[in-house]
Amino acid sequence: MAVITYLNAISQALRGEMRRDENVILLGEDIAVFGGAFKVTRGFLEEFGEDRVIDTPISESGFTGAACGAAVEGLRPVVEFQFADFIACAFDQIVNYAAKNYYRWGIPMPVVFRGPSGGGFRGGPYHSQNPEAWFTHVPGLKVVQPSTPYDAKGLLAAAIRDNNPVIYFEHKHLYRRIKEDVPDEDYVVPLGVADVKRAGSSLTIVTYGAMVHESLAVAERLSGEGAECEVIDLRSLSPLDRDTFLTSVRKTSRALVVHEAQLTGGFGGEVAAIIAQEAFDVLDAPVTRVAALDVPSPFAAALEDAMLPTQEKIYAAAKEVLEY
Amino acid sequence: MQKLKPARFLDPALDRTSIAPNETLSHDQLITWYRTMRLARACDKKLGALYRQGKIVGAVYLATGQEAICTGVVSLLERNDYFSTVARGLAGWFLRGVEPRHVIARWLGRDVPPSHGRELGLFFADIEHYGIAPYHNGSMASWIPSGAGFALAFKIRKQPRVYVAFTGDGATSPGDFYEGLNFAAIHKLALVVIVENNCFAYSTSTDKQMPVENVADRAPAFNIPSEVAFGNDIFEVRRVAKRAIDHARAGNGPYLVEFKTFRASGHGEHDDMGYVDADLREFWEQRDPLRLFAEYLDGPGGLGETAVKAIDDECTQVIEDAVVWAEAQPEASPDTVGDRLFAP
Ligand SMILES: Cc1ncc(C[n+]2csc(CCOP(=O)(O)OP(=O)(O)O)c2C)c(N)n1
Ligand SMILES: [Mg+2]
């Protein structure tokens with residue numbers, strides 16, 4: 001065990017998987033010589049060589065399609081998008097090729113797409129987005145988003161070992177901010193299993209990614225006021241572990257759904273709909289969502305802060321649900 | 001609208017109305033390739049009929065007039081080379097052993113492998129049995145990047161295998177065409193791009209698709225060799241494609257060959273080709289690849305008219321039988337709609 005950052009956990013998982021399986025290769029912009037825009041793959045070129053750590057030209061659709069083809073042929077490519085925002089350029093290859101290949105042909109495509117996502121550090125409209133909902137709508141894709149170093153390492157290992165396309169969103173704002181004790185050895189966090197990050201009986205907060213930490217902070221504050229929140233970290237959006245949050249809601253009778261992505265069409269709508277449909281009989285308050293405003297991610301601090309969900313907004317919404 | 005003169009339909013340097021090989025070929029080889037092309041033609045004719053009878057629903061896409069290209073190219077491949085093509089390369093599938101009855105059953109939406117009713121007969125992929133890779137996501141040019149990816153895997157594993165991507169002329173305009181070839185050229189991947197320039201992308205003629213005369217003129221951007229050739233002459237197809245395949249297999253990187261041809265049926269059978277001038281059709285009718293091949297076999301090829309006719313009749317019968325078999329196959333059960341979304 002050692003205390004490592006979220007970013008180091010991602011590096012560890014990649015290195016571990018590359019050591020245990022020579023079919024794992026990496027493709028992305030500036031990942032080899034430079035070690036990646038965020039230095040996730042620093043030193044990888046030296047250890048694994050240029051056949052396995054490939055600096056690509058700036059052509060997201062091109063290297064995504066190439067990774068998909070190589071995956072069909074039995075390699076296990078891990079694609080790094082320099083910023084998750086640019087996954088838009090590869091959208092077609094992901095939603096039309098990767099997602100549908102197994103359904104059409106019964107031929108597996110084990111490929112992972114890493115998307116450094118999320119805002120809160122003044123990245124502006126093209127370095128801050130949370131595009132998970134673009135993909136959770138597409139059958140055939142797995143979509144995960146870890147919130148802690150432990151989960152980051154275990155989910156990435158599981159994603160690489162999975163025989164399907166997996167989109168792995170890693171939150172840039174957590175990279176160096178979040179540290180914890182993580183086992184040195186390899187382990188997996190299974191895809192499709194949520195985690196109760198904090199137990200409680202007054203209110204269920206269903207969340208994932210960076211908002212797990214904001215929600216936990218709000219839960220602490222509410223605890224001081226006598227309300228115990230249960231914080232569920234979905235970790236995987238697809239496949240979705242409904243049981244964990246439905247079980248929790250049956251216990252608390254109140255649900256708040258929190259994510260950093262924009263509200264409308266966001267994944268929270270799906271969670272809220274499931275709770276409304278499956279747990280209607282136990283609800284004591286409307287299922288409520290906290291998410292970013294429906295605008296692009298603005299650059300200036302005052303604007304971005306106004307756009308993003310904050311502890312204040314989560315707290316206010318939680319109070320409303322608790323007092324309904 | 002200005003009418004194109006026959007000389008402009010095809011560079012006179014490429015044009016011919018009779019064909020002959022410049023290599024020694026056995027009767028067996030000639031018969032195999034001719035039969036493959038004839039089988040594809042007969043199958044297409046039948047598919048068109050099934051569509052008009054309402055038995056094939058949605059749409060059906062044929063390959064009439066383009067049979068020589070895939071036949072010639074696939075005849076040069078090793079068993080562990082990959083190629084991918086939509087139904088415009090029907091004859092290529094047949095040459096690899098795909099059976100007409102399975103193709104027809106898929107067009108009918110029957111529960112046959114590998115797609116079990118999930119995909120049109122337009123597409124086909126089965127690596128295990130035929131070395132035909134899943135490469136196409138429905139979007140034009142999407143297979144150039146994936147083709148580069150297959151070839152990347154060959155290179156990393158130091159295998160002297162090639163991947164042949166068949167491509168329409170229209171599919172050389174989307175960004176994926178550039179992104180895929182750019183990547184393949186940088187890494188010197190064994191990606192052979194065979195462009196079937198059939199004068200149209202759906203209803204849009206090539207002059208509205210690209211500012212250059214030939215698709216091959218785009219190759220200098222990737223610093224790769226390219227050639228333009230006549231695609232209705234199976235012997236020329238073999239001659240030129242061999243250079244491309246040898247080049248790629250030797251580790252020299254991608255190679256692009258543009259074969260001039262003509263789509264003698266509509267984009268799909270719903271398309272009456274009202275936008276195609278009669279003289280253009282007639283020009284290419286004189287150069288139909290099966291006609292050219294049959295005339296060679298009848299004459300200098302030494303097979304004789306009776307033998308050629310026997311092949312034609314046999315192919316017609318194979319397709320008749322194939323339809324009977326295909327129609328007897330079960331429809332996919334609605335219970336299976338959710339199956340096989342994720343690999344175990
Ligand atoms: C990106 C994209 N846009 C539109 C289509 C619809 N479409 C299918 S085939 C086709 C024409 C293709 O022309 P070409 O590449 O010349 O091939 P051909 O049909 O002539 O064999 C079009 C527009 C598509 N499949 N993909
Ligand atoms: Mg065309």
# chains A, B, ... in the order shown; residues from 1 in each chain; ligands from 1
$ closest_atom_pairs --of "chain A" --to "ligand 1" --cutoff "12 Å" --atoms "only C-alpha atoms and all ligand atoms" --output "CSV"
residue,atom,partner,partner_atom_place_in_ligand_line,distance
A:Asp92,CA,ligand 1,1 (C),8.9
A:Gln93,CA,ligand 1,1 (C),11.0
A:Asn96,CA,ligand 1,1 (C),10.7
$ write_last_selection --atoms "N, CA and C atoms" --output "short mmCIF file (atom, residue, chain, number, x, y, z; two decimals), in the first residue's frame"
data_model
loop_
_atom_site.label_atom_id
_atom_site.label_comp_id
_atom_site.auth_asym_id
_atom_site.auth_seq_id
_atom_site.Cartn_x
_atom_site.Cartn_y
_atom_site.Cartn_z
N ASP A 92 -18.16 8.94 -34.48
CA ASP A 92 -18.67 7.94 -35.42
C ASP A 92 -18.03 6.57 -35.21
N GLN A 93 -16.72 6.55 -35.08
CA GLN A 93 -16.03 5.27 -34.89
C GLN A 93 -16.50 4.60 -33.60
N ASN A 96 -20.74 4.02 -33.97
CA ASN A 96 -21.20 3.20 -35.09
C ASN A 96 -20.36 1.96 -35.34
#
$ interface_residues --of "chain B" --to "chain A" --cutoff "9 Å" --atoms "only C-alpha atoms" --output "ChimeraX atom specification"
/B:113-119,124-127,133-139,142-156,175-183,186,339-344
$ atom_distance --atom1 "CA of Arg19 (chain A)" --atom2 "CA of Val143 (chain A)"
24.3 Å
$ residues_near_ligand --ligand "ligand 2" --cutoff "10 Å" --atoms "only C-alpha atoms and all ligand atoms" --output "PyMOL selection string"
chain B and resi 88+167-172+195-206+209+260-263+267
$ residues_around --residues "Ile178 (chain A)" --least-positions-apart "5" --cutoff "8 Å" --atoms "only C-alpha atoms" --output "compact mmCIF listing (two decimals) with C-alpha atoms, in the first residue's frame"
# COMPACT_ATOMS: atom_id res chain seq x y z
CA THR A 5 -2.79 10.38 -6.53
CA TYR A 6 -5.72 9.61 -8.80
CA THR A 148 -11.04 7.83 -6.20
CA PRO A 149 -7.52 6.52 -6.81
$ closest_residue --among "B:Glu67, B:Glu128, B:Tyr61, B:Asp28" --to "Asp271 (chain B)" --atoms "only C-alpha atoms"
B:Tyr61
$ residues_around --residues "region 253-268 of chain A" --least-positions-apart "5" --cutoff "7 Å" --atoms "only C-alpha atoms" --output "PyMOL selection string"
chain A and resi 130+133+203-208+211+282-285+287-294+308-309+318+321
$ residues_around --residues "region 194-198 of chain A" --least-positions-apart "6" --cutoff "12 Å" --atoms "only C-alpha atoms" --output "PDB file with N, CA, C and O atoms, in the first residue's frame"
ATOM      1  N   VAL A 144     -17.529   4.235 -17.800  1.00  0.00           N
ATOM      2  CA  VAL A 144     -17.192   4.293 -16.377  1.00  0.00           C
ATOM      3  C   VAL A 144     -16.553   5.637 -16.047  1.00  0.00           C
ATOM      4  O   VAL A 144     -16.026   6.324 -16.920  1.00  0.00           O
ATOM      5  N   GLN A 145     -16.602   5.978 -14.764  1.00  0.00           N
ATOM      6  CA  GLN A 145     -16.061   7.260 -14.328  1.00  0.00           C
ATOM      7  C   GLN A 145     -15.672   7.157 -12.853  1.00  0.00           C
ATOM      8  O   GLN A 145     -16.506   7.318 -11.977  1.00  0.00           O
ATOM      9  N   PRO A 146     -14.401   6.889 -12.575  1.00  0.00           N
ATOM     10  CA  PRO A 146     -13.993   6.713 -11.185  1.00  0.00           C
ATOM     11  C   PRO A 146     -13.886   8.039 -10.442  1.00  0.00           C
ATOM     12  O   PRO A 146     -13.666   9.080 -11.059  1.00  0.00           O
ATOM     13  N   SER A 147     -14.023   7.957  -9.114  1.00  0.00           N
ATOM     14  CA  SER A 147     -13.898   9.182  -8.310  1.00  0.00           C
ATOM     15  C   SER A 147     -12.694   9.135  -7.377  1.00  0.00           C
ATOM     16  O   SER A 147     -12.309  10.156  -6.838  1.00  0.00           O
ATOM     17  N   THR A 148     -12.141   7.946  -7.172  1.00  0.00           N
ATOM     18  CA  THR A 148     -11.039   7.828  -6.202  1.00  0.00           C
ATOM     19  C   THR A 148      -9.859   7.092  -6.841  1.00  0.00           C
ATOM     20  O   THR A 148     -10.036   6.369  -7.823  1.00  0.00           O
ATOM     21  N   TYR A 150      -8.343   4.481  -5.736  1.00  0.00           N
ATOM     22  CA  TYR A 150      -8.567   3.036  -5.672  1.00  0.00           C
ATOM     23  C   TYR A 150      -9.444   2.579  -6.838  1.00  0.00           C
ATOM     24  O   TYR A 150      -9.119   1.624  -7.555  1.00  0.00           O
ATOM     25  N   ASP A 151     -10.545   3.292  -7.029  1.00  0.00           N
ATOM     26  CA  ASP A 151     -11.450   2.926  -8.124  1.00  0.00           C
ATOM     27  C   ASP A 151     -10.810   3.193  -9.481  1.00  0.00           C
ATOM     28  O   ASP A 151     -11.038   2.442 -10.443  1.00  0.00           O
ATOM     29  N   LEU A 155     -10.831   0.106 -11.846  1.00  0.00           N
ATOM     30  CA  LEU A 155     -11.751   0.186 -12.987  1.00  0.00           C
ATOM     31  C   LEU A 155     -10.997   0.178 -14.310  1.00  0.00           C
ATOM     32  O   LEU A 155     -11.468  -0.390 -15.296  1.00  0.00           O
ATOM     33  N   THR A 204     -30.617   9.633   0.081  1.00  0.00           N
ATOM     34  CA  THR A 204     -29.678   8.975  -0.834  1.00  0.00           C
ATOM     35  C   THR A 204     -29.174  10.003  -1.842  1.00  0.00           C
ATOM     36  O   THR A 204     -29.993  10.643  -2.520  1.00  0.00           O
ATOM     37  N   ILE A 205     -27.868  10.163  -1.917  1.00  0.00           N
ATOM     38  CA  ILE A 205     -27.298  10.998  -2.985  1.00  0.00           C
ATOM     39  C   ILE A 205     -26.642  10.058  -3.983  1.00  0.00           C
ATOM     40  O   ILE A 205     -25.708   9.337  -3.642  1.00  0.00           O
ATOM     41  N   VAL A 206     -27.170  10.050  -5.200  1.00  0.00           N
ATOM     42  CA  VAL A 206     -26.600   9.205  -6.254  1.00  0.00           C
ATOM     43  C   VAL A 206     -25.728  10.099  -7.121  1.00  0.00           C
ATOM     44  O   VAL A 206     -26.207  11.103  -7.662  1.00  0.00           O
ATOM     45  N   THR A 207     -24.449   9.748  -7.232  1.00  0.00           N
ATOM     46  CA  THR A 207     -23.545  10.621  -7.952  1.00  0.00           C
ATOM     47  C   THR A 207     -22.399   9.815  -8.541  1.00  0.00           C
ATOM     48  O   THR A 207     -22.376   8.583  -8.437  1.00  0.00           O
ATOM     49  N   TYR A 208     -21.447  10.494  -9.185  1.00  0.00           N
ATOM     50  CA  TYR A 208     -20.264   9.822  -9.731  1.00  0.00           C
ATOM     51  C   TYR A 208     -19.237  10.879 -10.095  1.00  0.00           C
ATOM     52  O   TYR A 208     -19.552  12.070 -10.175  1.00  0.00           O
ATOM     53  N   GLY A 209     -18.020  10.444 -10.304  1.00  0.00           N
ATOM     54  CA  GLY A 209     -16.958  11.361 -10.723  1.00  0.00           C
ATOM     55  C   GLY A 209     -16.646  12.387  -9.654  1.00  0.00           C
ATOM     56  O   GLY A 209     -16.750  12.141  -8.452  1.00  0.00           O
ATOM     57  N   MET A 211     -18.180  14.832  -8.512  1.00  0.00           N
ATOM     58  CA  MET A 211     -19.253  15.225  -7.605  1.00  0.00           C
ATOM     59  C   MET A 211     -19.389  14.301  -6.395  1.00  0.00           C
ATOM     60  O   MET A 211     -20.075  14.633  -5.437  1.00  0.00           O
ATOM     61  N   VAL A 212     -18.721  13.158  -6.441  1.00  0.00           N
ATOM     62  CA  VAL A 212     -18.704  12.295  -5.258  1.00  0.00           C
ATOM     63  C   VAL A 212     -18.087  13.067  -4.101  1.00  0.00           C
ATOM     64  O   VAL A 212     -18.595  13.060  -2.967  1.00  0.00           O
ATOM     65  N   HIS A 213     -16.999  13.766  -4.378  1.00  0.00           N
ATOM     66  CA  HIS A 213     -16.286  14.471  -3.305  1.00  0.00           C
ATOM     67  C   HIS A 213     -17.097  15.656  -2.790  1.00  0.00           C
ATOM     68  O   HIS A 213     -17.148  15.907  -1.588  1.00  0.00           O
ATOM     69  N   SER A 215     -20.323  15.853  -2.888  1.00  0.00           N
ATOM     70  CA  SER A 215     -21.473  15.283  -2.180  1.00  0.00           C
ATOM     71  C   SER A 215     -21.070  14.790  -0.793  1.00  0.00           C
ATOM     72  O   SER A 215     -21.827  14.954   0.185  1.00  0.00           O
ATOM     73  N   LEU A 216     -19.886  14.200  -0.704  1.00  0.00           N
ATOM     74  CA  LEU A 216     -19.420  13.729   0.608  1.00  0.00           C
ATOM     75  C   LEU A 216     -19.222  14.907   1.557  1.00  0.00           C
ATOM     76  O   LEU A 216     -19.548  14.823   2.753  1.00  0.00           O
ATOM     77  N   ALA A 217     -18.708  16.010   1.029  1.00  0.00           N
ATOM     78  CA  ALA A 217     -18.507  17.191   1.866  1.00  0.00           C
ATOM     79  C   ALA A 217     -19.854  17.709   2.370  1.00  0.00           C
ATOM     80  O   ALA A 217     -20.001  18.067   3.555  1.00  0.00           O
ATOM     81  N   VAL A 218     -20.843  17.715   1.486  1.00  0.00           N
ATOM     82  CA  VAL A 218     -22.179  18.167   1.888  1.00  0.00           C
ATOM     83  C   VAL A 218     -22.758  17.205   2.930  1.00  0.00           C
ATOM     84  O   VAL A 218     -23.388  17.619   3.914  1.00  0.00           O
ATOM     85  N   ALA A 219     -22.509  15.917   2.731  1.00  0.00           N
ATOM     86  CA  ALA A 219     -23.023  14.921   3.683  1.00  0.00           C
ATOM     87  C   ALA A 219     -22.439  15.161   5.078  1.00  0.00           C
ATOM     88  O   ALA A 219     -23.149  15.045   6.091  1.00  0.00           O
ATOM     89  N   GLU A 220     -21.159  15.527   5.123  1.00  0.00           N
ATOM     90  CA  GLU A 220     -20.537  15.818   6.422  1.00  0.00           C
ATOM     91  C   GLU A 220     -21.232  17.002   7.091  1.00  0.00           C
ATOM     92  O   GLU A 220     -21.529  16.983   8.287  1.00  0.00           O
ATOM     93  N   SER A 223     -24.565  16.062   8.298  1.00  0.00           N
ATOM     94  CA  SER A 223     -24.448  15.192   9.466  1.00  0.00           C
ATOM     95  C   SER A 223     -24.389  16.031  10.732  1.00  0.00           C
ATOM     96  O   SER A 223     -25.009  15.707  11.755  1.00  0.00           O
ATOM     97  N   GLU A 228     -28.310  12.139   8.053  1.00  0.00           N
ATOM     98  CA  GLU A 228     -27.253  11.251   7.555  1.00  0.00           C
ATOM     99  C   GLU A 228     -27.536  10.881   6.097  1.00  0.00           C
ATOM    100  O   GLU A 228     -28.536  10.228   5.800  1.00  0.00           O
ATOM    101  N   CYS A 229     -26.646  11.313   5.223  1.00  0.00           N
ATOM    102  CA  CYS A 229     -26.832  11.022   3.795  1.00  0.00           C
ATOM    103  C   CYS A 229     -26.075   9.755   3.423  1.00  0.00           C
ATOM    104  O   CYS A 229     -24.959   9.520   3.882  1.00  0.00           O
ATOM    105  N   GLU A 230     -26.695   8.964   2.569  1.00  0.00           N
ATOM    106  CA  GLU A 230     -25.989   7.832   1.975  1.00  0.00           C
ATOM    107  C   GLU A 230     -25.502   8.294   0.594  1.00  0.00           C
ATOM    108  O   GLU A 230     -26.311   8.722  -0.226  1.00  0.00           O
ATOM    109  N   VAL A 231     -24.191   8.207   0.377  1.00  0.00           N
ATOM    110  CA  VAL A 231     -23.649   8.683  -0.897  1.00  0.00           C
ATOM    111  C   VAL A 231     -23.261   7.476  -1.753  1.00  0.00           C
ATOM    112  O   VAL A 231     -22.388   6.688  -1.388  1.00  0.00           O
ATOM    113  N   ILE A 232     -23.965   7.330  -2.859  1.00  0.00           N
ATOM    114  CA  ILE A 232     -23.711   6.213  -3.769  1.00  0.00           C
ATOM    115  C   ILE A 232     -22.876   6.714  -4.937  1.00  0.00           C
ATOM    116  O   ILE A 232     -23.299   7.624  -5.661  1.00  0.00           O
ATOM    117  N   ASP A 233     -21.727   6.111  -5.117  1.00  0.00           N
ATOM    118  CA  ASP A 233     -20.884   6.427  -6.271  1.00  0.00           C
ATOM    119  C   ASP A 233     -21.180   5.369  -7.344  1.00  0.00           C
ATOM    120  O   ASP A 233     -20.845   4.189  -7.172  1.00  0.00           O
ATOM    121  N   LEU A 234     -21.774   5.787  -8.433  1.00  0.00           N
ATOM    122  CA  LEU A 234     -22.154   4.802  -9.460  1.00  0.00           C
ATOM    123  C   LEU A 234     -20.930   4.097 -10.063  1.00  0.00           C
ATOM    124  O   LEU A 234     -20.992   2.946 -10.453  1.00  0.00           O
ATOM    125  N   ARG A 235     -19.842   4.808 -10.212  1.00  0.00           N
ATOM    126  CA  ARG A 235     -18.599   4.301 -10.831  1.00  0.00           C
ATOM    127  C   ARG A 235     -18.800   3.869 -12.280  1.00  0.00           C
ATOM    128  O   ARG A 235     -18.068   4.289 -13.161  1.00  0.00           O
ATOM    129  N   SER A 236     -19.742   2.980 -12.524  1.00  0.00           N
ATOM    130  CA  SER A 236     -20.082   2.592 -13.900  1.00  0.00           C
ATOM    131  C   SER A 236     -21.451   3.160 -14.225  1.00  0.00           C
ATOM    132  O   SER A 236     -22.390   2.989 -13.450  1.00  0.00           O
ATOM    133  N   LEU A 237     -21.567   3.822 -15.350  1.00  0.00           N
ATOM    134  CA  LEU A 237     -22.887   4.302 -15.791  1.00  0.00           C
ATOM    135  C   LEU A 237     -23.516   3.263 -16.705  1.00  0.00           C
ATOM    136  O   LEU A 237     -24.727   3.110 -16.769  1.00  0.00           O
ATOM    137  N   SER A 238     -22.659   2.564 -17.439  1.00  0.00           N
ATOM    138  CA  SER A 238     -23.132   1.504 -18.308  1.00  0.00           C
ATOM    139  C   SER A 238     -22.093   0.392 -18.297  1.00  0.00           C
ATOM    140  O   SER A 238     -20.951   0.652 -18.659  1.00  0.00           O
ATOM    141  N   PRO A 239     -22.450  -0.812 -17.847  1.00  0.00           N
ATOM    142  CA  PRO A 239     -23.748  -1.190 -17.297  1.00  0.00           C
ATOM    143  C   PRO A 239     -23.996  -0.504 -15.953  1.00  0.00           C
ATOM    144  O   PRO A 239     -23.056  -0.221 -15.217  1.00  0.00           O
ATOM    145  N   LEU A 240     -25.258  -0.276 -15.688  1.00  0.00           N
ATOM    146  CA  LEU A 240     -25.659   0.476 -14.500  1.00  0.00           C
ATOM    147  C   LEU A 240     -26.109  -0.474 -13.394  1.00  0.00           C
ATOM    148  O   LEU A 240     -26.899  -1.378 -13.633  1.00  0.00           O
ATOM    149  N   ASP A 241     -25.596  -0.223 -12.214  1.00  0.00           N
ATOM    150  CA  ASP A 241     -25.984  -1.002 -11.033  1.00  0.00           C
ATOM    151  C   ASP A 241     -27.183  -0.304 -10.391  1.00  0.00           C
ATOM    152  O   ASP A 241     -27.034   0.574  -9.558  1.00  0.00           O
ATOM    153  N   ARG A 242     -28.374  -0.699 -10.790  1.00  0.00           N
ATOM    154  CA  ARG A 242     -29.578  -0.051 -10.248  1.00  0.00           C
ATOM    155  C   ARG A 242     -29.842  -0.487  -8.820  1.00  0.00           C
ATOM    156  O   ARG A 242     -30.392   0.259  -8.013  1.00  0.00           O
ATOM    157  N   ASP A 243     -29.511  -1.750  -8.553  1.00  0.00           N
ATOM    158  CA  ASP A 243     -29.909  -2.315  -7.260  1.00  0.00           C
ATOM    159  C   ASP A 243     -29.363  -1.514  -6.102  1.00  0.00           C
ATOM    160  O   ASP A 243     -30.050  -1.286  -5.109  1.00  0.00           O
ATOM    161  N   THR A 244     -28.093  -1.111  -6.222  1.00  0.00           N
ATOM    162  CA  THR A 244     -27.472  -0.435  -5.086  1.00  0.00           C
ATOM    163  C   THR A 244     -28.205   0.861  -4.751  1.00  0.00           C
ATOM    164  O   THR A 244     -28.504   1.134  -3.587  1.00  0.00           O
ATOM    165  N   PHE A 245     -28.536   1.661  -5.772  1.00  0.00           N
ATOM    166  CA  PHE A 245     -29.215   2.919  -5.393  1.00  0.00           C
ATOM    167  C   PHE A 245     -30.689   2.711  -5.080  1.00  0.00           C
ATOM    168  O   PHE A 245     -31.253   3.395  -4.235  1.00  0.00           O
ATOM    169  N   LEU A 246     -31.310   1.713  -5.715  1.00  0.00           N
ATOM    170  CA  LEU A 246     -32.718   1.465  -5.390  1.00  0.00           C
ATOM    171  C   LEU A 246     -32.856   0.931  -3.960  1.00  0.00           C
ATOM    172  O   LEU A 246     -33.762   1.330  -3.221  1.00  0.00           O
ATOM    173  N   THR A 247     -31.943   0.064  -3.566  1.00  0.00           N
ATOM    174  CA  THR A 247     -31.951  -0.445  -2.192  1.00  0.00           C
ATOM    175  C   THR A 247     -31.800   0.708  -1.209  1.00  0.00           C
ATOM    176  O   THR A 247     -32.500   0.789  -0.191  1.00  0.00           O
ATOM    177  N   SER A 248     -30.911   1.619  -1.547  1.00  0.00           N
ATOM    178  CA  SER A 248     -30.679   2.757  -0.670  1.00  0.00           C
ATOM    179  C   SER A 248     -31.923   3.647  -0.577  1.00  0.00           C
ATOM    180  O   SER A 248     -32.329   4.056   0.516  1.00  0.00           O
TER     181      SER A 248
END
$ select_by_dssp --residues "region 91-197 of chain A" --states "strand (DSSP E)" --output "ChimeraX atom specification"
/A:112-117,142-144,166-171,179-182,195-197
$ decode --residues "region 29-41 of chain A" --atoms "N, CA, C and O atoms" --output "mmCIF file, in the first residue's frame"
data_model
loop_
_atom_site.group_PDB
_atom_site.id
_atom_site.type_symbol
_atom_site.label_atom_id
_atom_site.label_comp_id
_atom_site.auth_asym_id
_atom_site.auth_seq_id
_atom_site.Cartn_x
_atom_site.Cartn_y
_atom_site.Cartn_z
ATOM 1 N N GLU A 29 -2.257 11.277 -28.651
ATOM 2 C CA GLU A 29 -1.427 12.414 -29.037
ATOM 3 C C GLU A 29 -0.450 12.756 -27.914
ATOM 4 O O GLU A 29 -0.860 12.908 -26.762
ATOM 5 N N ASP A 30 0.811 12.855 -28.237
ATOM 6 C CA ASP A 30 1.858 13.290 -27.296
ATOM 7 C C ASP A 30 2.014 12.373 -26.086
ATOM 8 O O ASP A 30 2.487 12.806 -25.038
ATOM 9 N N ILE A 31 1.646 11.108 -26.241
ATOM 10 C CA ILE A 31 1.718 10.203 -25.084
ATOM 11 C C ILE A 31 3.072 9.515 -24.956
ATOM 12 O O ILE A 31 3.426 9.037 -23.883
ATOM 13 N N ALA A 32 3.843 9.451 -26.034
ATOM 14 C CA ALA A 32 5.074 8.657 -26.010
ATOM 15 C C ALA A 32 6.262 9.504 -25.556
ATOM 16 O O ALA A 32 6.649 9.465 -24.385
ATOM 17 N N VAL A 33 6.809 10.283 -26.462
ATOM 18 C CA VAL A 33 8.005 11.074 -26.140
ATOM 19 C C VAL A 33 7.733 12.027 -24.982
ATOM 20 O O VAL A 33 8.531 12.161 -24.056
ATOM 21 N N PHE A 34 6.577 12.630 -25.005
ATOM 22 C CA PHE A 34 6.240 13.668 -24.022
ATOM 23 C C PHE A 34 5.598 13.077 -22.764
ATOM 24 O O PHE A 34 5.537 13.728 -21.729
ATOM 25 N N GLY A 35 5.102 11.866 -22.855
ATOM 26 C CA GLY A 35 4.481 11.230 -21.691
ATOM 27 C C GLY A 35 3.049 11.659 -21.444
ATOM 28 O O GLY A 35 2.484 11.397 -20.379
ATOM 29 N N GLY A 36 2.447 12.315 -22.431
ATOM 30 C CA GLY A 36 1.044 12.706 -22.292
ATOM 31 C C GLY A 36 0.886 14.123 -21.772
ATOM 32 O O GLY A 36 1.721 14.614 -21.014
ATOM 33 N N ALA A 37 -0.195 14.769 -22.189
ATOM 34 C CA ALA A 37 -0.442 16.153 -21.772
ATOM 35 C C ALA A 37 -0.494 16.258 -20.249
ATOM 36 O O ALA A 37 -0.114 17.273 -19.672
ATOM 37 N N PHE A 38 -0.964 15.195 -19.590
ATOM 38 C CA PHE A 38 -1.045 15.212 -18.125
ATOM 39 C C PHE A 38 -0.012 14.297 -17.477
ATOM 40 O O PHE A 38 -0.060 14.037 -16.296
ATOM 41 N N LYS A 39 0.866 13.743 -18.315
ATOM 42 C CA LYS A 39 1.976 12.900 -17.841
ATOM 43 C C LYS A 39 1.519 11.555 -17.276
ATOM 44 O O LYS A 39 2.198 10.952 -16.447
ATOM 45 N N VAL A 40 0.381 11.088 -17.722
ATOM 46 C CA VAL A 40 -0.093 9.776 -17.269
ATOM 47 C C VAL A 40 0.856 8.677 -17.758
ATOM 48 O O VAL A 40 1.070 7.683 -17.073
ATOM 49 N N THR A 41 1.430 8.869 -18.938
ATOM 50 C CA THR A 41 2.265 7.809 -19.517
ATOM 51 C C THR A 41 3.754 8.190 -19.525
ATOM 52 O O THR A 41 4.514 7.732 -20.372
#
